[in-house]
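Trainee: Contents are compact mmCIF, C-alpha atoms; file name upload26.txt:
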# COMPACT_ATOMS: atom_id res chain seq x y z
CA MET L 1029 39.81 15.81 -14.99
CA ALA L 1030 39.30 19.55 -14.47
CA SER L 1031 40.64 22.71 -16.06
CA ILE L 1032 40.23 26.47 -16.18
CA THR L 1033 40.78 28.45 -19.38
CA GLN L 1034 40.24 32.08 -20.30
CA ARG L 1035 38.20 32.84 -23.38
CA ASP L 1036 38.92 35.64 -25.83
CA ASP L 1037 36.27 37.81 -24.17
CA GLY L 1038 38.06 37.51 -20.82
CA VAL L 1039 35.55 35.14 -19.22
CA TRP L 1040 37.00 32.17 -17.33
CA ARG L 1041 35.63 28.74 -18.27
CA ALA L 1042 35.84 26.02 -15.61
CA ARG L 1043 35.08 22.46 -16.63
CA TYR L 1044 35.30 18.92 -15.30
CA ARG L 1045 34.17 15.41 -16.23
CA ASP L 1046 32.17 13.28 -13.83
CA ALA L 1047 32.64 9.56 -13.18
CA ALA L 1048 30.49 8.76 -16.22
CA GLY L 1049 32.69 10.90 -18.47
CA LYS L 1050 30.07 13.60 -18.86
CA GLU L 1051 31.47 17.13 -19.14
CA HIS L 1052 30.16 19.97 -17.00
CA ALA L 1053 31.20 23.61 -17.41
CA ARG L 1054 30.48 27.05 -15.93
CA HIS L 1055 31.71 30.52 -16.77
CA PHE L 1056 32.96 33.13 -14.30
CA ALA L 1057 34.16 36.71 -14.49
CA LEU L 1058 37.02 35.96 -12.05
CA LYS L 1059 39.45 33.06 -12.10
CA ARG L 1060 39.27 32.63 -8.31
CA ASP L 1061 35.50 32.09 -8.54
CA ALA L 1062 36.04 29.42 -11.18
CA GLN L 1063 38.65 27.73 -8.99
CA ARG L 1064 36.36 27.88 -5.95
CA TRP L 1065 33.60 26.13 -7.90
CA LEU L 1066 35.96 23.35 -9.01
CA ASN L 1067 37.18 22.97 -5.41
CA GLU L 1068 33.59 22.56 -4.21
CA VAL L 1069 32.95 19.93 -6.87
CA ALA L 1070 36.13 18.07 -5.89
CA ALA L 1071 35.14 18.15 -2.20
CA ALA L 1072 31.66 16.80 -3.02
CA VAL L 1073 33.21 13.93 -4.99
CA VAL L 1074 35.62 13.05 -2.18
CA THR L 1075 32.87 13.10 0.49
CA GLY L 1076 30.41 11.15 -1.65
CA GLN L 1077 27.98 14.07 -1.91
CA TYR L 1078 28.45 14.84 -5.57
CA VAL L 1079 25.25 15.32 -7.56
CA ASP L 1080 24.95 15.91 -11.29
CA PRO L 1081 23.80 19.56 -11.54
CA LYS L 1082 21.27 18.61 -14.20
CA ALA L 1083 19.71 15.78 -12.17
CA GLY L 1084 17.67 18.19 -10.05
CA LYS L 1085 15.95 19.61 -13.12
CA ILE L 1086 13.46 16.74 -13.12
CA THR L 1087 10.01 18.02 -12.16
CA TRP L 1088 8.53 17.19 -8.78
CA SER L 1089 5.57 15.46 -10.45
CA ASP L 1090 7.78 13.24 -12.58
CA TRP L 1091 10.09 12.37 -9.69
CA THR L 1092 7.34 11.53 -7.19
CA SER L 1093 5.41 9.53 -9.79
CA ALA L 1094 8.46 7.35 -10.48
CA TRP L 1095 9.31 7.13 -6.77
CA MET L 1096 5.83 6.02 -5.73
CA GLN L 1097 5.69 3.33 -8.41
CA ARG L 1098 8.65 1.66 -6.70
CA GLN L 1099 6.94 1.48 -3.32
CA THR L 1100 5.25 -1.68 -2.04
CA TRP L 1101 2.44 0.23 -0.33
CA ALA L 1102 -1.15 -0.73 0.27
CA GLU L 1103 -3.57 1.06 -2.03
CA GLY L 1104 -4.77 3.36 0.74
CA THR L 1105 -1.21 4.43 1.53
CA HIS L 1106 -0.54 5.09 -2.15
CA GLU L 1107 -3.67 7.27 -2.34
CA ALA L 1108 -2.64 9.25 0.74
CA ALA L 1109 0.86 9.78 -0.69
CA THR L 1110 -0.57 10.92 -4.02
CA VAL L 1111 -2.75 13.53 -2.31
CA ALA L 1112 0.21 14.72 -0.23
CA VAL L 1113 2.77 15.15 -3.03
CA SER L 1114 0.15 16.76 -5.27
CA SER L 1115 -0.77 19.37 -2.65
CA VAL L 1116 2.56 21.25 -2.89
CA PRO L 1117 2.77 24.46 -4.95
CA TRP L 1118 6.02 23.37 -6.68
CA LYS L 1119 4.59 20.20 -8.26
CA SER L 1120 5.32 21.52 -11.78
CA GLY L 1121 8.74 22.89 -10.84
CA SER L 1122 12.14 21.27 -10.62
CA VAL L 1123 13.04 19.24 -7.54
CA GLY L 1124 16.38 20.99 -7.27
CA THR L 1125 14.86 24.48 -6.99
CA VAL L 1126 12.87 23.77 -3.80
CA ASN L 1127 14.32 25.15 -0.56
CA ALA L 1128 13.27 25.15 3.09
CA SER L 1129 11.45 28.47 2.72
CA HIS L 1130 9.21 26.99 0.02
CA VAL L 1131 8.32 24.08 2.30
CA GLN L 1132 7.58 26.34 5.27
CA ALA L 1133 5.41 28.60 3.11
CA TRP L 1134 3.46 25.57 1.89
CA ILE L 1135 2.81 24.40 5.48
CA ALA L 1136 1.69 27.89 6.50
CA GLY L 1137 -0.66 28.03 3.52
CA GLU L 1138 -2.21 24.66 4.35
CA LEU L 1139 -2.82 25.81 7.92
CA LYS L 1140 -4.49 29.03 6.71
CA ARG L 1141 -6.76 26.97 4.44
CA GLY L 1142 -8.10 25.27 7.56
CA LEU L 1143 -6.40 21.88 7.31
CA ALA L 1144 -5.97 20.13 10.65
CA PRO L 1145 -2.39 20.01 12.00
CA SER L 1146 -2.59 16.20 11.97
CA THR L 1147 -3.44 16.23 8.25
CA ILE L 1148 -0.59 18.62 7.50
CA LYS L 1149 1.77 16.41 9.50
CA THR L 1150 0.78 13.39 7.43
CA ARG L 1151 1.27 15.25 4.15
CA LEU L 1152 4.63 16.63 5.25
CA ASN L 1153 5.74 13.12 6.16
CA TYR L 1154 5.19 11.87 2.59
CA VAL L 1155 6.88 14.95 1.10
CA GLN L 1156 9.86 14.42 3.39
CA MET L 1157 10.06 10.78 2.33
CA ALA L 1158 10.14 11.81 -1.34
CA PHE L 1159 12.92 14.34 -0.78
CA ARG L 1160 14.97 11.87 1.28
CA ALA L 1161 14.69 9.39 -1.58
CA ALA L 1162 15.85 12.10 -4.00
CA VAL L 1163 18.97 12.64 -1.89
CA VAL L 1164 19.69 8.90 -1.78
CA ASP L 1165 19.29 8.68 -5.58
CA ARG L 1166 21.60 11.70 -6.08
CA ILE L 1167 18.85 13.80 -7.60
CA ILE L 1168 19.62 16.59 -5.11
CA ALA L 1169 22.47 17.12 -2.69
CA THR L 1170 20.48 18.14 0.38
CA ASN L 1171 16.96 17.63 1.69
CA PRO L 1172 15.07 20.97 1.90
CA THR L 1173 12.58 19.49 4.39
CA ALA L 1174 15.26 18.55 6.93
CA GLY L 1175 14.46 20.34 10.15
CA VAL L 1176 11.06 21.56 8.94
CA LYS L 1177 8.42 20.75 11.52
CA PRO L 1178 4.63 20.49 11.15
CA PRO L 1179 2.36 22.86 13.08
CA ARG L 1180 1.71 21.94 16.67
CA ALA L 1181 -1.44 19.99 17.34
CA ARG L 1182 -3.45 20.11 20.52
CA LYS L 1183 -2.62 17.41 23.02
CA LEU L 1184 -4.67 14.24 22.68
CA GLU L 1185 -6.03 14.58 26.20
CA ALA L 1186 -7.48 17.95 25.18
CA THR L 1187 -9.04 16.76 21.91
CA MET L 1188 -9.98 13.11 22.39
CA ARG L 1189 -13.65 12.60 23.19
CA VAL L 1190 -15.24 9.44 24.51
CA LEU L 1191 -18.93 8.77 25.04
CA GLY L 1192 -20.52 8.03 28.38
CA PRO L 1193 -23.05 5.21 28.95
CA ASP L 1194 -26.05 7.52 28.51
CA GLU L 1195 -24.68 8.89 25.23
CA VAL L 1196 -23.97 5.38 23.91
CA HIS L 1197 -27.51 4.33 24.87
CA ALA L 1198 -28.98 7.31 23.01
CA VAL L 1199 -26.84 6.56 19.94
CA LEU L 1200 -27.95 2.92 19.85
CA GLU L 1201 -31.59 3.91 20.18
CA ALA L 1202 -31.26 6.27 17.22
CA ALA L 1203 -29.20 3.92 15.06
CA GLY L 1204 -32.03 1.82 13.63
CA GLU L 1205 -30.71 -0.81 11.19
CA PHE L 1206 -27.25 0.72 11.58
CA ARG L 1207 -27.21 -0.41 15.22
CA GLY L 1208 -25.13 -3.55 14.67
CA PHE L 1209 -22.47 -1.52 12.86
CA VAL L 1210 -22.34 0.94 15.75
CA GLU L 1211 -22.19 -1.87 18.31
CA VAL L 1212 -19.09 -3.52 16.84
CA CYS L 1213 -17.38 -0.12 16.79
CA VAL L 1214 -18.14 0.78 20.39
CA PHE L 1215 -18.13 -2.69 22.00
CA ALA L 1216 -15.39 -4.34 19.89
CA GLY L 1217 -13.24 -1.35 18.94
CA MET L 1218 -13.61 -1.82 15.17
CA ARG L 1219 -12.40 0.79 12.74
CA LEU L 1220 -15.00 1.92 10.20
CA GLY L 1221 -13.48 -0.17 7.39
CA GLU L 1222 -13.14 -3.23 9.65
CA ALA L 1223 -16.78 -3.08 10.72
CA ALA L 1224 -17.85 -2.71 7.08
CA GLY L 1225 -15.71 -5.73 6.13
CA LEU L 1226 -17.18 -8.19 8.63
CA GLN L 1227 -18.73 -11.37 7.25
CA LEU L 1228 -20.96 -13.93 8.96
CA ALA L 1229 -18.10 -16.42 9.36
CA ASP L 1230 -16.11 -13.85 11.35
CA ILE L 1231 -18.55 -14.02 14.26
CA ASN L 1232 -18.00 -16.89 16.71
CA PHE L 1233 -21.34 -16.81 18.47
CA LEU L 1234 -20.59 -19.65 20.90
CA GLY L 1235 -17.01 -18.57 21.57
CA ARG L 1236 -18.04 -14.91 21.95
CA SER L 1237 -15.37 -13.49 19.68
CA ILE L 1238 -15.07 -11.56 16.43
CA ARG L 1239 -12.30 -12.06 13.88
CA VAL L 1240 -10.93 -9.09 11.96
CA ALA L 1241 -9.78 -10.55 8.64
CA ARG L 1242 -10.50 -7.82 6.10
CA GLN L 1243 -11.63 -4.24 5.68
CA VAL L 1244 -13.50 -2.12 3.16
CA GLN L 1245 -11.24 0.37 1.43
CA GLY L 1246 -12.47 3.30 -0.62
CA SER L 1247 -14.62 6.36 -0.03
CA THR L 1248 -17.34 5.82 -2.62
CA ILE L 1249 -19.67 3.03 -3.75
CA LYS L 1250 -17.70 2.63 -6.95
CA ALA L 1251 -14.29 2.58 -5.24
CA ALA L 1252 -15.23 0.44 -2.23
CA LYS L 1253 -13.67 -3.02 -2.16
CA LEU L 1254 -12.62 -5.70 0.32
CA VAL L 1255 -8.91 -5.82 1.11
CA PRO L 1256 -6.74 -7.27 3.91
CA PRO L 1257 -6.80 -5.18 7.10
CA LYS L 1258 -4.08 -2.71 8.03
CA TYR L 1259 -0.67 -4.27 8.63
CA HIS L 1260 -0.67 -6.17 11.95
CA SER L 1261 -4.40 -5.46 12.42
CA GLU L 1262 -5.54 -9.06 11.88
CA ARG L 1263 -6.88 -10.10 15.26
CA THR L 1264 -9.58 -11.78 17.31
CA VAL L 1265 -11.55 -9.55 19.67
CA TYR L 1266 -13.18 -11.21 22.66
CA VAL L 1267 -16.59 -9.70 23.29
CA PRO L 1268 -19.45 -10.16 25.77
CA GLY L 1269 -22.33 -12.52 25.09
CA GLU L 1270 -24.68 -9.56 24.94
CA LEU L 1271 -22.93 -8.35 21.77
CA THR L 1272 -22.97 -11.73 20.02
CA ALA L 1273 -26.65 -12.11 20.99
CA SER L 1274 -27.44 -8.73 19.43
CA LEU L 1275 -25.51 -9.69 16.28
CA SER L 1276 -27.38 -13.01 16.17
CA ALA L 1277 -30.65 -11.10 16.17
CA HIS L 1278 -29.32 -8.89 13.38
CA VAL L 1279 -28.39 -11.97 11.33
CA ALA L 1280 -31.84 -13.49 11.78
CA ARG L 1281 -33.61 -10.22 11.02
CA ASN L 1282 -31.67 -9.69 7.80
CA ALA L 1283 -31.61 -13.36 6.72
CA VAL L 1284 -27.80 -13.53 6.52
CA THR L 1285 -27.04 -17.21 5.83
CA ASP L 1286 -23.92 -17.49 3.64
CA PRO L 1287 -20.72 -17.61 5.77
CA GLU L 1288 -19.03 -15.27 3.26
CA GLU L 1289 -21.94 -12.84 3.18
CA GLN L 1290 -21.36 -9.31 4.47
CA LEU L 1291 -22.73 -8.84 7.97
CA PHE L 1292 -23.64 -5.20 7.32
CA THR L 1293 -24.77 -3.68 4.03
CA THR L 1294 -26.61 -0.54 2.98
CA PRO L 1295 -30.39 -0.69 2.38
CA LEU L 1296 -29.54 -1.27 -1.31
CA GLY L 1297 -27.25 -4.17 -0.45
CA ARG L 1298 -23.97 -2.36 -1.11
CA LEU L 1299 -20.81 -2.17 0.98
CA TRP L 1300 -20.63 0.52 3.59
CA ASN L 1301 -17.74 2.85 2.82
CA ARG L 1302 -16.14 5.89 4.38
CA ASN L 1303 -18.63 8.33 2.87
CA ASN L 1304 -21.98 6.60 3.26
CA ALA L 1305 -21.17 5.25 6.74
CA ALA L 1306 -20.10 8.74 7.83
CA GLY L 1307 -23.35 10.08 6.39
CA GLU L 1308 -25.39 7.60 8.42
CA TRP L 1309 -23.42 8.53 11.51
CA ARG L 1310 -24.15 12.24 10.94
CA ARG L 1311 -27.87 11.40 10.93
CA ILE L 1312 -27.53 9.61 14.27
CA ARG L 1313 -25.35 12.34 15.75
CA GLU L 1314 -27.80 15.09 14.80
CA GLU L 1315 -30.77 13.14 16.16
CA VAL L 1316 -29.01 12.59 19.49
CA GLY L 1317 -27.62 16.13 19.61
CA LEU L 1318 -23.91 15.28 19.75
CA PRO L 1319 -21.30 17.84 18.64
CA GLU L 1320 -19.68 17.60 15.21
CA ASP L 1321 -16.32 16.45 16.58
CA ILE L 1322 -17.91 13.14 17.63
CA THR L 1323 -17.18 10.77 14.75
CA LEU L 1324 -17.51 7.05 14.24
CA HIS L 1325 -13.88 6.76 15.34
CA THR L 1326 -14.93 8.22 18.70
CA LEU L 1327 -16.64 4.88 19.32
CA ARG L 1328 -13.27 3.12 19.03
CA HIS L 1329 -11.77 5.59 21.50
CA THR L 1330 -14.70 4.87 23.83
CA PHE L 1331 -14.00 1.13 23.61
CA ALA L 1332 -10.32 1.67 24.45
CA SER L 1333 -11.18 4.05 27.29
CA ASN L 1334 -13.46 1.44 28.86
CA LEU L 1335 -10.76 -1.25 28.67
CA ILE L 1336 -8.25 1.04 30.38
CA ALA L 1337 -10.72 2.15 33.04
CA SER L 1338 -11.42 -1.53 33.78
CA GLY L 1339 -7.74 -2.15 34.51
CA CYS L 1340 -6.55 -3.73 31.25
CA ASP L 1341 -2.80 -3.47 30.65
CA VAL L 1342 -1.18 -1.90 27.58
CA VAL L 1343 -0.60 -5.16 25.68
CA THR L 1344 -4.22 -6.27 26.18
CA VAL L 1345 -5.51 -2.96 24.81
CA GLN L 1346 -2.97 -3.06 21.95
CA ARG L 1347 -4.13 -6.51 20.83
CA ALA L 1348 -7.81 -5.63 21.09
CA LEU L 1349 -7.31 -2.51 18.96
CA GLY L 1350 -4.97 -4.13 16.44
CA HIS L 1351 -2.04 -1.76 16.96
CA SER L 1352 1.27 -3.13 15.66
CA THR L 1353 3.20 -2.19 18.81
CA PRO L 1354 2.35 -1.23 22.42
CA SER L 1355 4.11 2.11 21.86
CA ILE L 1356 1.38 3.14 19.39
CA THR L 1357 -1.27 2.39 22.01
CA LEU L 1358 0.62 4.41 24.61
CA ASN L 1359 1.12 7.33 22.21
CA VAL L 1360 -2.64 7.55 21.64
CA TYR L 1361 -4.08 6.57 25.03
CA SER L 1362 -1.37 7.11 27.66
CA HIS L 1363 -3.34 9.99 29.21
CA LEU L 1364 -6.18 7.57 30.05
CA TRP L 1365 -4.06 5.32 32.25
CA PRO L 1366 -3.68 6.27 35.93
CA SER L 1367 -0.60 8.41 36.39
CA ALA L 1368 2.28 7.61 38.74
CA GLU L 1369 0.89 10.27 41.09
CA ASP L 1370 -2.49 8.55 41.19
CA LYS L 1371 -0.89 5.19 41.95
CA THR L 1372 1.34 6.71 44.64
CA ARG L 1373 -1.62 8.35 46.36
CA ALA L 1374 -3.72 5.19 46.22
CA ALA L 1375 -0.94 2.97 47.55
CA THR L 1376 -0.11 5.37 50.39
CA ALA L 1377 -3.80 5.80 51.25
CA ASP L 1378 -4.17 2.04 51.68
CA PHE L 1379 -1.04 1.93 53.85
CA MET L 1380 -2.28 4.80 56.00
CA ALA L 1381 -5.64 3.09 56.48
CA LEU L 1382 -3.87 -0.03 57.76
CA ALA L 1383 -1.54 1.97 59.99
CA ALA L 1384 -4.46 3.85 61.53
CA ARG L 1385 -5.95 0.59 62.90
CA PRO L 1386 -4.03 -1.05 65.81
CA THR L 1387 -3.48 -4.76 65.30
CA ALA L 1388 -4.78 -7.32 67.80
CA SER L 1389 -1.26 -8.02 69.10
CA VAL L 1390 -0.64 -4.33 69.79
CA ARG L 1391 -3.95 -3.98 71.66
CA ALA L 1392 -3.18 -7.07 73.76
CA THR L 1393 0.09 -5.60 75.11
CA SER L 1394 -1.31 -2.16 75.88
Mind turning this structure into C-alpha cells?

Mentor:
Amino acid sequence: MASITQRDDGVWRARYRDAAGKEHARHFALKRDAQRWLNEVAAAVVTGQYVDPKAGKITWSDWTSAWMQRQTWAEGTHEAATVAVSSVPWKSGSVGTVNASHVQAWIAGELKRGLAPSTIKTRLNYVQMAFRAAVVDRIIATNPTAGVKPPRARKLEATMRVLGPDEVHAVLEAAGEFRGFVEVCVFAGMRLGEAAGLQLADINFLGRSIRVARQVQGSTIKAAKLVPPKYHSERTVYVPGELTASLSAHVARNAVTDPEEQLFTTPLGRLWNRNNAAGEWRRIREEVGLPEDITLHTLRHTFASNLIASGCDVVTVQRALGHSTPSITLNVYSHLWPSAEDKTRAATADFMALAARPTASVRATS
C-alpha cells in the first residue's frame, strides 16, 4: 500500500508499508520526486532487492560481530577476520553509509602505512565477505566492495627466496638446540606451527616418515595451544633416514620418552609459538648473514623447490606440503616447474642428437 498526500505547508508526503506492515515515509518538495521514490521502492520489491531503509543504520562493529559469531571458523581464522574488520576507518559508522570510495581510500591508506599487498588483500577479502553477507541478509542493497581490487603484489617468482645447500648448511651449524626444528622445516616442509606441534609418537623412525597431526596456534606463550592442523593439512611426510637419525639423536639428547611429549620445546620447556620461534630464527639469520626477507617459511619453500627440481609431480608436492588442492600448489610454485619451452627444447635436443648419428643399417647400405 502506497500513497502521496500534500501537507498544509505544501510539502508532499510519500509513504508505503513493507511486507511486515511497517510504514515508511519521506517528504519531497515536488510531487514527481515523491512518485519517483515510490516507483523505485516498488521496483526493488518486484525484483527482490528491497531493503528496509533503517536496516543499514546498524554499525559496522555490531554487524561484523554478529556475523562472525555465526561462522564455523577455526580460531586462527576468526582472529584474522577480527583484525581485518577492525582495521577499517568506518568501524563506528553505519554499514549503509559506506561506499566504494571509502573502501578504496582505506586500501590506499593501508598501503601508505607500509602494509604488504598480500596482507591488504587478506583484509579486503574478509571485509568483502562481511559486506556480501549484509547484502544477503538485506542489511544493504548493494555491496560497496564489489569491483574493488587489492593493490598489485610482486610476482611470486620475483619475491620467493629459497636457500642453497651452502646456506642451509650454515643455518644448521648456527641453529644449536633449535637445529631439529629447522631440519623438519627444510627437509620435511613443515609450517612453523606444525613443527612446533610435533610429538614423539609422530616420528616413525623405522618407517622414515613424520605424521602431521596437530599444530601450535597463537603468537605468545600465554596464547599458544595445540589444535588440529589447517584443514586438509593432516598428512604423512616421507623423509630420508638421515633426518630420522638426526631426530633420534635429538630425542636421546633431550631425554624425550613419553609418546605424547613435545618433540621441540623452548629452553624453559614451553611450546614454541610464532613469536619466540621467529625470534630464534632472527638470531640464526643474523649469525649467518642472511637478509631479513628470509623467514622460517623460506625453509618450506626450499623444501618444495627441491622436490620440484628432483622431478616430483604436482600431486606429490601437494601431498607433501599439505595443500588442499593441486591448484594451490601450482598457484604458489608453478614458476619452479620447467616451462613448456624448456621441455620443448630438451625434447628436440635429444631428437637432434639421435638424428645426428647414422644408424648401423644406414652405414651398411652406404

Trainee: Would you please work out which residue, of L:Leu1058, L:Leu1139, L:Met1096, L:Cys1213, is nearest to Pro1178 in chain L when using all atoms listed in the file?

Mentor: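 Checking each candidate against Pro1178 in chain L, we get L:Leu1139 as the closest.
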
Trainee: Dump as a list in words all residues having an atom at most 8 Å from (36.9, 24.2, -13.9), computed in the file's coordinates with only C-alpha atoms.

Mentor: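 Residues with an atom at most 8 Å from (36.9, 24.2, -13.9): Ala1030, Ser1031, Ile1032, Thr1033, Arg1041, Ala1042, Arg1043, Tyr1044, Ala1053, Arg1054, Ala1062, Gln1063, Trp1065 and Leu1066 of chain L.
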
Trainee: What are the centre and the three edge lengths of an axis-aligned box that wraps all atoms of range 1369-1385 of chain L in the file, given that 8 Å is added to every side, written as AutoDock Vina command-line options and rounded to one decimal in Å?

Mentor:
--center_x -2.3 --center_y 5.1 --center_z 52.0 --size_x 23.3 --size_y 26.3 --size_z 37.8

Trainee: Any chance you could tabulate, as a Markdown table, the residues of range 1274-1300 of chain L at most 9 Å from range 1187-1209 of chain L with each one's nearest atom pair and distance in Å to one decimal, using all atoms listed in the file, in chain and rising number order?

Mentor:
| residue | atom | partner | partner_atom | distance |
| --- | --- | --- | --- | --- |
| L:Ser1274 | CA | L:Gly1208 | CA | 7.4 |
| L:Leu1275 | CA | L:Gly1208 | CA | 6.4 |
| L:His1278 | CA | L:Gly1208 | CA | 6.9 |
| L:Leu1291 | CA | L:Phe1209 | CA | 8.8 |
| L:Phe1292 | CA | L:Phe1209 | CA | 6.8 |
| L:Thr1294 | CA | L:Phe1206 | CA | 8.7 |
| L:Pro1295 | CA | L:Glu1205 | CA | 8.8 |

Trainee: With only C-alpha atoms as the counted atoms, please give the residues lying no more than 12 Å from Gly1137 in chain L, apart from itself and same-chain residues fewer than 5 positions off, as number ranges by chain.

Mentor: L: 1115-1117, 1130-1132, 1142-1145, 1148, 1178-1179

Trainee: In terms of the shortest atom-to-atom distance over only C-alpha atoms, which of L:Trp1101, L:Glu1051, L:Thr1293, L:Ala1383 is closest to Tyr1259 in chain L?

Mentor: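 Using only C-alpha atoms, Tyr1259 in chain L sits closest to L:Trp1101.
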
Trainee: Identify which of the residues L:Glu1211, L:Asp1046, L:Glu1107, L:Glu1262 lies closest to Gly1350 in chain L, counting all atoms listed in the file when measuring atom-to-atom distances.

Mentor: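 Counting all atoms listed in the file, the residue closest to Gly1350 in chain L is L:Glu1262.
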
Trainee: Which of these, L:His1351, L:Lys1085, L:Lys1258, L:Arg1328, has the shortest distance to Gly1121 in chain L once you count only C-alpha atoms?

Mentor: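 Closest to Gly1121 in chain L, using only C-alpha atoms: L:Lys1085.
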
Trainee: Restricting the calculation to all atoms listed in the file, which member of L:Gln1077, L:Thr1326, L:Gln1243, L:Thr1353 is positioned closest to Trp1309 in chain L?

Mentor: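 That would be L:Thr1326, the residue with the smallest distance to Trp1309 in chain L.
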
Trainee: Return the single residue from L:Leu1364, L:Ala1332, L:Val1244, L:Val1210 that is closest to Arg1313 in chain L, with distances computed using only C-alpha atoms.

Mentor: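 Closest candidate: L:Val1210.
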
Trainee: Which value, in Å to one decimal, gives the distance between CA of Asp1286 in chain L and CA of Phe1215 in chain L?

Mentor: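 The value is 24.3 Å.
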
Trainee: How many Å separate CA of Arg1311 in chain L from CA of Leu1324 in chain L?

Mentor: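 Interatomic distance here is 11.7 Å.
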
Trainee: Counting all atoms listed in the file, what is within 8 Å of range 1333-1335 of chain L, bar same-chain residues fewer than 3 positions away, as a list in words?

Mentor: Val1190, His1329, Thr1330, Ser1338, Gly1339, Cys1340, Val1345, Tyr1361 and Leu1364 of chain L

Trainee: Would you compute the distance between CA of Glu1138 in chain L and CA of Gly1104 in chain L? Give it in Å to one decimal.

Mentor: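 Computing it gives 21.8 Å between the two atoms.
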
Trainee: Please rebuild range 1157-1174 of chain L with N, CA and C atoms and return the result as an mmCIF file, in the coordinates of the input.

Mentor:
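New file selection_34.cif:
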data_model
loop_
_atom_site.group_PDB
_atom_site.id
_atom_site.type_symbol
_atom_site.label_atom_id
_atom_site.label_comp_id
_atom_site.auth_asym_id
_atom_site.auth_seq_id
_atom_site.Cartn_x
_atom_site.Cartn_y
_atom_site.Cartn_z
ATOM 1 N N MET L 1157 9.609 12.072 2.835
ATOM 2 C CA MET L 1157 10.060 10.780 2.330
ATOM 3 C C MET L 1157 10.533 10.889 0.877
ATOM 4 N N ALA L 1158 9.788 11.646 0.073
ATOM 5 C CA ALA L 1158 10.140 11.810 -1.340
ATOM 6 C C ALA L 1158 11.464 12.555 -1.494
ATOM 7 N N PHE L 1159 11.666 13.593 -0.695
ATOM 8 C CA PHE L 1159 12.920 14.340 -0.780
ATOM 9 C C PHE L 1159 14.103 13.510 -0.274
ATOM 10 N N ARG L 1160 13.886 12.731 0.787
ATOM 11 C CA ARG L 1160 14.970 11.870 1.280
ATOM 12 C C ARG L 1160 15.384 10.867 0.217
ATOM 13 N N ALA L 1161 14.389 10.334 -0.494
ATOM 14 C CA ALA L 1161 14.690 9.390 -1.580
ATOM 15 C C ALA L 1161 15.455 10.082 -2.699
ATOM 16 N N ALA L 1162 15.150 11.349 -2.954
ATOM 17 C CA ALA L 1162 15.850 12.100 -4.000
ATOM 18 C C ALA L 1162 17.315 12.315 -3.626
ATOM 19 N N VAL L 1163 17.579 12.500 -2.347
ATOM 20 C CA VAL L 1163 18.970 12.640 -1.890
ATOM 21 C C VAL L 1163 19.711 11.323 -2.062
ATOM 22 N N VAL L 1164 19.072 10.225 -1.666
ATOM 23 C CA VAL L 1164 19.690 8.900 -1.780
ATOM 24 C C VAL L 1164 19.999 8.572 -3.236
ATOM 25 N N ASP L 1165 19.102 8.955 -4.148
ATOM 26 C CA ASP L 1165 19.290 8.680 -5.580
ATOM 27 C C ASP L 1165 20.131 9.733 -6.285
ATOM 28 N N ARG L 1166 20.731 10.656 -5.512
ATOM 29 C CA ARG L 1166 21.600 11.700 -6.080
ATOM 30 C C ARG L 1166 20.870 12.593 -7.077
ATOM 31 N N ILE L 1167 19.595 12.834 -6.799
ATOM 32 C CA ILE L 1167 18.850 13.800 -7.600
ATOM 33 C C ILE L 1167 19.151 15.207 -7.082
ATOM 34 N N ILE L 1168 19.261 15.327 -5.765
ATOM 35 C CA ILE L 1168 19.620 16.590 -5.110
ATOM 36 C C ILE L 1168 20.663 16.298 -4.045
ATOM 37 N N ALA L 1169 21.397 17.312 -3.662
ATOM 38 C CA ALA L 1169 22.470 17.120 -2.690
ATOM 39 C C ALA L 1169 21.975 17.152 -1.253
ATOM 40 N N THR L 1170 20.992 17.996 -0.991
ATOM 41 C CA THR L 1170 20.480 18.140 0.380
ATOM 42 C C THR L 1170 18.958 18.089 0.377
ATOM 43 N N ASN L 1171 18.398 17.749 1.521
ATOM 44 C CA ASN L 1171 16.960 17.630 1.690
ATOM 45 C C ASN L 1171 16.394 18.945 2.221
ATOM 46 N N PRO L 1172 15.582 19.668 1.450
ATOM 47 C CA PRO L 1172 15.070 20.970 1.900
ATOM 48 C C PRO L 1172 14.042 20.861 3.029
ATOM 49 N N THR L 1173 13.558 19.654 3.302
ATOM 50 C CA THR L 1173 12.580 19.490 4.390
ATOM 51 C C THR L 1173 13.248 19.120 5.704
ATOM 52 N N ALA L 1174 14.560 18.908 5.690
ATOM 53 C CA ALA L 1174 15.260 18.550 6.930
ATOM 54 C C ALA L 1174 15.115 19.673 7.948
#
